[in-house]
file my_file-v9.cif (mmCIF, C-alpha atoms)
data_start
#
loop_
_atom_site.label_atom_id
_atom_site.label_comp_id
_atom_site.auth_asym_id
_atom_site.auth_seq_id
_atom_site.Cartn_x
_atom_site.Cartn_y
_atom_site.Cartn_z
CA MET A 1 -63.40 41.73 20.29
CA PHE A 2 -62.73 44.93 18.39
CA TYR A 3 -65.96 46.32 17.01
CA GLY A 4 -64.34 48.46 14.33
CA ALA A 5 -62.99 45.50 12.38
CA ALA A 6 -65.72 43.58 10.59
CA VAL A 7 -64.40 40.08 10.13
CA TRP A 8 -66.51 37.39 8.49
CA ASP A 9 -66.35 34.43 10.86
CA PRO A 10 -69.01 31.86 9.94
CA TRP A 11 -67.99 29.48 12.75
CA LEU A 12 -68.58 32.20 15.32
CA ILE A 13 -71.99 33.00 13.84
CA VAL A 14 -73.06 29.34 13.71
CA SER A 15 -71.83 28.72 17.25
CA GLN A 16 -73.73 31.80 18.49
CA ILE A 17 -76.91 30.60 16.75
CA VAL A 18 -76.60 27.10 18.24
CA CYS A 19 -75.81 28.44 21.70
CA PHE A 20 -78.66 30.97 21.52
CA GLN A 21 -81.13 28.29 20.38
CA CYS A 22 -80.02 25.93 23.16
CA LEU A 23 -80.30 28.63 25.82
CA TYR A 24 -83.78 29.48 24.51
CA TYR A 25 -85.02 25.89 24.82
CA ILE A 26 -83.34 25.33 28.19
CA THR A 27 -85.02 28.48 29.53
CA LEU A 28 -88.34 27.52 27.97
CA GLY A 29 -88.05 24.11 29.62
CA PHE A 30 -87.32 25.75 32.95
CA PHE A 31 -90.37 28.00 32.76
CA LEU A 32 -92.58 25.19 31.44
CA ALA A 33 -91.44 22.94 34.30
CA ILE A 34 -92.31 25.59 36.87
CA LEU A 35 -95.55 26.90 35.38
CA VAL A 36 -96.95 23.87 33.54
CA GLY A 37 -95.18 20.92 35.16
CA THR A 38 -97.00 21.51 38.42
CA ARG A 39 -100.38 21.37 36.63
CA VAL A 40 -100.01 18.33 34.35
CA SER A 41 -99.29 14.71 35.14
CA ARG A 42 -96.59 14.31 32.48
CA MET A 43 -94.41 16.88 30.71
CA SER A 44 -93.47 16.23 27.09
CA LEU A 45 -92.22 17.96 23.97
CA VAL A 46 -95.82 18.71 23.06
CA TYR A 47 -95.63 21.84 25.22
CA PHE A 48 -92.53 23.01 23.35
CA PHE A 49 -93.48 22.34 19.75
CA ASP A 50 -97.20 21.62 19.30
CA PHE A 51 -99.39 24.62 18.56
CA VAL A 52 -102.40 22.97 20.24
CA THR A 53 -101.01 23.57 23.74
CA ILE A 54 -100.88 27.34 23.26
CA THR A 55 -104.47 28.21 24.04
CA THR A 56 -106.39 30.81 26.00
CA SER A 57 -109.24 28.45 26.89
CA THR A 58 -107.48 26.75 29.83
CA PHE A 59 -105.31 27.91 32.71
CA THR A 60 -102.59 25.48 31.59
CA GLY A 61 -102.65 27.13 28.16
CA TRP A 62 -102.15 30.52 29.78
CA CYS A 63 -99.18 29.06 31.70
CA VAL A 64 -97.67 27.87 28.39
CA ILE A 65 -98.18 31.36 26.94
CA ALA A 66 -96.51 32.93 29.98
CA SER A 67 -93.59 30.49 29.63
CA PHE A 68 -93.02 31.51 26.02
CA LEU A 69 -93.20 35.23 26.81
CA LEU A 70 -90.89 34.95 29.83
CA THR A 71 -88.45 33.00 27.68
CA SER A 72 -88.47 35.87 25.18
CA VAL A 73 -87.47 38.28 27.93
CA ALA A 74 -84.68 35.93 28.98
CA GLY A 75 -83.61 35.65 25.33
CA ALA A 76 -83.16 39.41 25.18
CA VAL A 77 -80.84 39.21 28.18
CA TYR A 78 -78.93 36.34 26.52
CA MET A 79 -78.42 38.53 23.45
CA LEU A 80 -76.84 41.18 25.62
CA TYR A 81 -74.09 38.76 26.66
CA LEU A 82 -73.93 36.35 23.72
CA ILE A 83 -74.51 38.54 20.66
CA GLU A 84 -73.45 41.89 22.17
CA ARG A 85 -74.32 44.01 19.12
CA LEU A 86 -77.41 46.14 18.59
CA LYS A 87 -77.49 45.60 14.85
CA LYS A 88 -77.44 41.80 15.20
CA CYS A 89 -80.42 41.48 17.57
CA LEU A 90 -83.03 41.36 14.81
CA ASP A 91 -81.03 38.81 12.79
CA PHE A 92 -80.46 36.40 15.65
CA SER A 93 -84.03 36.69 16.95
CA ALA A 94 -85.45 36.06 13.48
CA THR A 95 -83.17 33.06 13.04
CA LEU A 96 -84.26 31.64 16.40
CA TYR A 97 -87.96 31.98 15.64
CA ILE A 98 -87.62 30.65 12.06
CA VAL A 99 -85.80 27.56 13.37
CA HIS A 100 -88.51 27.20 16.02
CA LEU A 101 -91.20 27.40 13.32
CA PHE A 102 -89.49 24.67 11.28
CA ILE A 103 -89.19 22.41 14.33
CA CYS A 104 -92.87 23.00 15.12
CA ILE A 105 -93.86 22.14 11.54
CA VAL A 106 -91.87 18.91 11.66
CA TYR A 107 -93.22 17.99 15.10
CA GLY A 108 -96.90 18.90 14.87
CA GLY A 109 -97.66 20.26 11.42
CA TRP A 110 -98.33 23.79 10.26
CA PRO A 111 -99.40 25.97 13.23
CA SER A 112 -103.01 26.76 12.35
CA SER A 113 -103.86 28.39 15.68
CA ILE A 114 -104.04 32.18 15.63
CA THR A 115 -103.02 32.13 19.30
CA TRP A 116 -99.76 30.35 18.43
CA TRP A 117 -98.95 33.06 15.87
CA ILE A 118 -99.86 35.91 18.22
CA VAL A 119 -97.73 34.48 21.05
CA ASN A 120 -94.71 33.86 18.81
CA VAL A 121 -94.88 37.21 17.00
CA THR A 122 -95.26 38.96 20.37
CA GLY A 123 -92.36 36.97 21.79
CA PHE A 124 -90.26 37.84 18.75
CA ALA A 125 -91.09 41.54 19.12
CA VAL A 126 -90.33 41.52 22.84
CA MET A 127 -87.01 39.75 22.27
CA VAL A 128 -85.93 42.12 19.48
CA LEU A 129 -87.02 45.36 21.13
CA LEU A 130 -85.76 44.53 24.61
CA GLY A 131 -82.54 43.05 23.22
CA GLU A 132 -81.90 46.15 21.13
CA TYR A 133 -82.66 48.39 24.10
CA LEU A 134 -80.24 46.50 26.35
CA CYS A 135 -77.50 46.36 23.71
CA ARG A 136 -77.95 50.06 22.87
CA LYS A 137 -77.72 50.92 26.56
CA ARG A 138 -74.48 48.96 26.84
CA GLU A 139 -72.98 50.35 23.63
CA LEU A 140 -73.68 53.92 24.74
CA GLN A 141 -72.05 53.54 28.15
CA GLU A 142 -69.19 55.85 28.81
CA ILE A 143 -65.80 54.22 28.49
CA PRO A 144 -64.23 54.30 31.94
CA THR A 145 -61.01 56.26 32.19
CA ARG A 146 -58.82 57.18 35.09
CA TYR A 147 -59.83 60.81 35.01
CA ARG A 148 -63.56 61.40 34.54
CA SER A 149 -63.41 65.01 33.38
CA SER A 150 -60.96 67.80 32.86
CA LYS A 151 -62.27 69.48 36.03
CA ASN A 152 -61.44 66.39 38.12
CA PHE A 153 -58.08 66.12 36.37
CA LEU A 154 -57.20 69.74 37.26
CA LEU A 155 -58.33 69.20 40.85
CA TYR A 156 -56.19 66.05 41.03
CA ARG A 157 -53.16 67.86 39.57
CA CYS A 158 -53.54 70.79 41.98
CA MET A 159 -53.80 68.56 45.04
CA ASN A 160 -50.95 66.21 44.08
CA GLY A 161 -48.66 68.82 42.57
#
call {"tool": "encode", "arguments": {"input": "my_file-v9.cif", "output": "structure tokens"}}
result
Amino acid sequence: MFYGAAVWDPWLIVSQIVCFQCLYYITLGFFLAILVGTRVSRMSLVYFFDFVTITTSTFTGWCVIASFLLTSVAGAVYMLYLIERLKKCLDFSATLYIVHLFICIVYGGWPSSITWWIVNVTGFAVMVLLGEYLCRKRELQEIPTRYRSSKNFLLYRCMNG
């Protein structure tokens, strides 16, 4: 994709949002299965979407919190490969967390737990900042060329005549 040409492609944007959201929930499910699934008798969507499970009063609650935060780190890495642009990290992260909020409202009502808000705002911040850092690092990489510098080029020319 050529970055200089800004082309409005709504299908690309929608497909990136859907893919990003799916990767987020698959990764969250993976971390919940590892960290929480070993502690509870039955896993359910409650751990994904109900604000009651995000609590600091139990060890299982701390495992749910860790799952959400680890998923945010993974989401930043997904943005590096899926979104690829520094200036789009905030938009895609905000979209992901707004969709997550709506799903949580439909599933379990308005999240009235301050812990739920702290975890999700922290996860959002981690995803945006780490995603922007990774995308900036990639965007600022030197474009590889055959000859690295003029000094190497002159050395090459002198040796190969």
call {"tool": "atom_distance", "arguments": {"input": "my_file-v9.cif", "atom1": "CA of Ser113 in chain A", "atom2": "CA of Ile26 in chain A"}}
result
24.2 Å
call {"tool": "closest_residue", "arguments": {"input": "my_file-v9.cif", "among": "A:Gly131, A:Leu12, A:Thr27, A:Lys137", "to": "Leu80 in chain A", "atoms": "only C-alpha atoms"}}
result
A:Gly131
call {"tool": "atom_distance", "arguments": {"input": "my_file-v9.cif", "atom1": "CA of Phe48 in chain A", "atom2": "CA of Phe92 in chain A"}}
result
19.6 Å
call {"tool": "closest_residue", "arguments": {"input": "my_file-v9.cif", "among": "A:Gly108, A:Ala66, A:Asp91, A:Glu132", "to": "Asn120 in chain A", "atoms": "all atoms listed in the file"}}
result
A:Ala66
call {"tool": "resolve_selection", "arguments": {"input": "my_file-v9.cif", "expression": "the PyMOL selection byres ((chain A and resi 74) around 12)", "output": "VMD selection string"}}
result
chain A and resid 20 23 to 28 30 to 31 67 to 73 75 to 82 123 to 124 126 to 128 130 to 131 134
call {"tool": "write_last_selection", "arguments": {"input": "my_file-v9.cif", "atoms": "C-alpha atoms", "output": "short mmCIF file (atom, residue, chain, number, x, y, z; two decimals), keeping the file's coordinate frame"}}
result
data_model
loop_
_atom_site.label_atom_id
_atom_site.label_comp_id
_atom_site.auth_asym_id
_atom_site.auth_seq_id
_atom_site.Cartn_x
_atom_site.Cartn_y
_atom_site.Cartn_z
CA PHE A 20 -78.66 30.97 21.52
CA LEU A 23 -80.30 28.63 25.82
CA TYR A 24 -83.78 29.48 24.51
CA TYR A 25 -85.02 25.89 24.82
CA ILE A 26 -83.34 25.33 28.19
CA THR A 27 -85.02 28.48 29.53
CA LEU A 28 -88.34 27.52 27.97
CA PHE A 30 -87.32 25.75 32.95
CA PHE A 31 -90.37 28.00 32.76
CA SER A 67 -93.59 30.49 29.63
CA PHE A 68 -93.02 31.51 26.02
CA LEU A 69 -93.20 35.23 26.81
CA LEU A 70 -90.89 34.95 29.83
CA THR A 71 -88.45 33.00 27.68
CA SER A 72 -88.47 35.87 25.18
CA VAL A 73 -87.47 38.28 27.93
CA GLY A 75 -83.61 35.65 25.33
CA ALA A 76 -83.16 39.41 25.18
CA VAL A 77 -80.84 39.21 28.18
CA TYR A 78 -78.93 36.34 26.52
CA MET A 79 -78.42 38.53 23.45
CA LEU A 80 -76.84 41.18 25.62
CA TYR A 81 -74.09 38.76 26.66
CA LEU A 82 -73.93 36.35 23.72
CA GLY A 123 -92.36 36.97 21.79
CA PHE A 124 -90.26 37.84 18.75
CA VAL A 126 -90.33 41.52 22.84
CA MET A 127 -87.01 39.75 22.27
CA VAL A 128 -85.93 42.12 19.48
CA LEU A 130 -85.76 44.53 24.61
CA GLY A 131 -82.54 43.05 23.22
CA LEU A 134 -80.24 46.50 26.35
#
call {"tool": "closest_residue", "arguments": {"input": "my_file-v9.cif", "among": "A:Cys135, A:Ile143, A:Val99, A:Ile118", "to": "Ile17 in chain A", "atoms": "only C-alpha atoms"}}
result
A:Val99
call {"tool": "closest_residue", "arguments": {"input": "my_file-v9.cif", "among": "A:Arg136, A:Gly37, A:Cys19, A:Ser44", "to": "Lys87 in chain A", "atoms": "all atoms listed in the file"}}
result
A:Arg136
call {"tool": "atom_distance", "arguments": {"input": "my_file-v9.cif", "atom1": "CA of Asp50 in chain A", "atom2": "CA of Ile114 in chain A"}}
result
13.1 Å
call {"tool": "axis_aligned_box", "arguments": {"input": "my_file-v9.cif", "around": "range 22-35 of chain A", "padding_each_side": "5 Å", "output": "AutoDock Vina command-line options"}}
result
--center_x -87.8 --center_y 26.2 --center_z 30.0 --size_x 25.5 --size_y 16.5 --size_z 23.7
call {"tool": "residues_around", "arguments": {"input": "my_file-v9.cif", "residues": "Pro111 in chain A", "least_positions_apart": "3", "cutoff": "10 Å", "atoms": "all atoms listed in the file", "output": "list of chain:residue names"}}
result
A:Phe49, A:Asp50, A:Phe51, A:Val52, A:Leu101, A:Cys104, A:Ile105, A:Gly108, A:Ile114, A:Thr115, A:Trp116, A:Trp117
call {"tool": "residues_around", "arguments": {"input": "my_file-v9.cif", "residues": "Thr58 in chain A", "least_positions_apart": "6", "cutoff": "12 Å", "atoms": "only C-alpha atoms", "output": "list in words"}}
result
Val36, Arg39, Val52, Val64 and Ile65 of chain A
call {"tool": "closest_residue", "arguments": {"input": "my_file-v9.cif", "among": "A:Val46, A:Leu90, A:Ile103, A:Val14", "to": "Gly29 in chain A", "atoms": "all atoms listed in the file"}}
result
A:Val46
call {"tool": "build_atoms", "arguments": {"input": "my_file-v9.cif", "residues": "range 92-110 of chain A", "atoms": "N, CA, C and O atoms", "output": "mmCIF file, in the coordinates of the input"}}
result
data_model
loop_
_atom_site.group_PDB
_atom_site.id
_atom_site.type_symbol
_atom_site.label_atom_id
_atom_site.label_comp_id
_atom_site.auth_asym_id
_atom_site.auth_seq_id
_atom_site.Cartn_x
_atom_site.Cartn_y
_atom_site.Cartn_z
ATOM 1 N N PHE A 92 -80.519 37.598 14.818
ATOM 2 C CA PHE A 92 -80.460 36.400 15.650
ATOM 3 C C PHE A 92 -81.840 36.013 16.177
ATOM 4 O O PHE A 92 -82.163 34.830 16.282
ATOM 5 N N SER A 93 -82.671 36.992 16.501
ATOM 6 C CA SER A 93 -84.030 36.690 16.950
ATOM 7 C C SER A 93 -84.844 36.058 15.821
ATOM 8 O O SER A 93 -85.572 35.082 16.044
ATOM 9 N N ALA A 94 -84.729 36.618 14.627
ATOM 10 C CA ALA A 94 -85.450 36.060 13.480
ATOM 11 C C ALA A 94 -84.990 34.633 13.192
ATOM 12 O O ALA A 94 -85.812 33.746 12.932
ATOM 13 N N THR A 95 -83.695 34.405 13.258
ATOM 14 C CA THR A 95 -83.170 33.060 13.040
ATOM 15 C C THR A 95 -83.724 32.089 14.079
ATOM 16 O O THR A 95 -84.160 30.980 13.736
ATOM 17 N N LEU A 96 -83.738 32.497 15.335
ATOM 18 C CA LEU A 96 -84.260 31.640 16.400
ATOM 19 C C LEU A 96 -85.719 31.278 16.146
ATOM 20 O O LEU A 96 -86.100 30.106 16.217
ATOM 21 N N TYR A 97 -86.538 32.251 15.823
ATOM 22 C CA TYR A 97 -87.960 31.980 15.640
ATOM 23 C C TYR A 97 -88.256 31.236 14.335
ATOM 24 O O TYR A 97 -89.209 30.453 14.267
ATOM 25 N N ILE A 98 -87.450 31.425 13.297
ATOM 26 C CA ILE A 98 -87.620 30.650 12.060
ATOM 27 C C ILE A 98 -87.262 29.195 12.306
ATOM 28 O O ILE A 98 -87.976 28.274 11.860
ATOM 29 N N VAL A 99 -86.171 28.939 13.015
ATOM 30 C CA VAL A 99 -85.800 27.560 13.370
ATOM 31 C C VAL A 99 -86.895 26.938 14.229
ATOM 32 O O VAL A 99 -87.276 25.775 14.031
ATOM 33 N N HIS A 100 -87.430 27.710 15.174
ATOM 34 C CA HIS A 100 -88.510 27.200 16.020
ATOM 35 C C HIS A 100 -89.741 26.854 15.181
ATOM 36 O O HIS A 100 -90.377 25.822 15.402
ATOM 37 N N LEU A 101 -90.075 27.688 14.214
ATOM 38 C CA LEU A 101 -91.200 27.400 13.320
ATOM 39 C C LEU A 101 -90.977 26.110 12.560
ATOM 40 O O LEU A 101 -91.887 25.270 12.471
ATOM 41 N N PHE A 102 -89.779 25.900 12.017
ATOM 42 C CA PHE A 102 -89.490 24.670 11.280
ATOM 43 C C PHE A 102 -89.594 23.439 12.180
ATOM 44 O O PHE A 102 -90.141 22.412 11.773
ATOM 45 N N ILE A 103 -89.084 23.541 13.393
ATOM 46 C CA ILE A 103 -89.190 22.410 14.330
ATOM 47 C C ILE A 103 -90.657 22.125 14.641
ATOM 48 O O ILE A 103 -91.079 20.963 14.695
ATOM 49 N N CYS A 104 -91.437 23.180 14.838
ATOM 50 C CA CYS A 104 -92.870 23.000 15.120
ATOM 51 C C CYS A 104 -93.597 22.357 13.942
ATOM 52 O O CYS A 104 -94.483 21.516 14.134
ATOM 53 N N ILE A 105 -93.236 22.740 12.718
ATOM 54 C CA ILE A 105 -93.860 22.140 11.540
ATOM 55 C C ILE A 105 -93.521 20.666 11.454
ATOM 56 O O ILE A 105 -94.393 19.829 11.183
ATOM 57 N N VAL A 106 -92.274 20.313 11.700
ATOM 58 C CA VAL A 106 -91.870 18.910 11.660
ATOM 59 C C VAL A 106 -92.556 18.118 12.770
ATOM 60 O O VAL A 106 -93.000 16.990 12.564
ATOM 61 N N TYR A 107 -92.666 18.708 13.949
ATOM 62 C CA TYR A 107 -93.220 17.990 15.100
ATOM 63 C C TYR A 107 -94.739 17.854 15.031
ATOM 64 O O TYR A 107 -95.276 16.773 15.244
ATOM 65 N N GLY A 108 -95.441 18.949 14.762
ATOM 66 C CA GLY A 108 -96.900 18.900 14.870
ATOM 67 C C GLY A 108 -97.666 19.436 13.680
ATOM 68 O O GLY A 108 -98.869 19.640 13.771
ATOM 69 N N GLY A 109 -96.981 19.710 12.586
ATOM 70 C CA GLY A 109 -97.660 20.260 11.420
ATOM 71 C C GLY A 109 -97.683 21.769 11.440
ATOM 72 O O GLY A 109 -97.204 22.417 12.371
ATOM 73 N N TRP A 110 -98.262 22.345 10.381
ATOM 74 C CA TRP A 110 -98.330 23.790 10.260
ATOM 75 C C TRP A 110 -99.169 24.384 11.393
ATOM 76 O O TRP A 110 -100.297 23.942 11.607
#
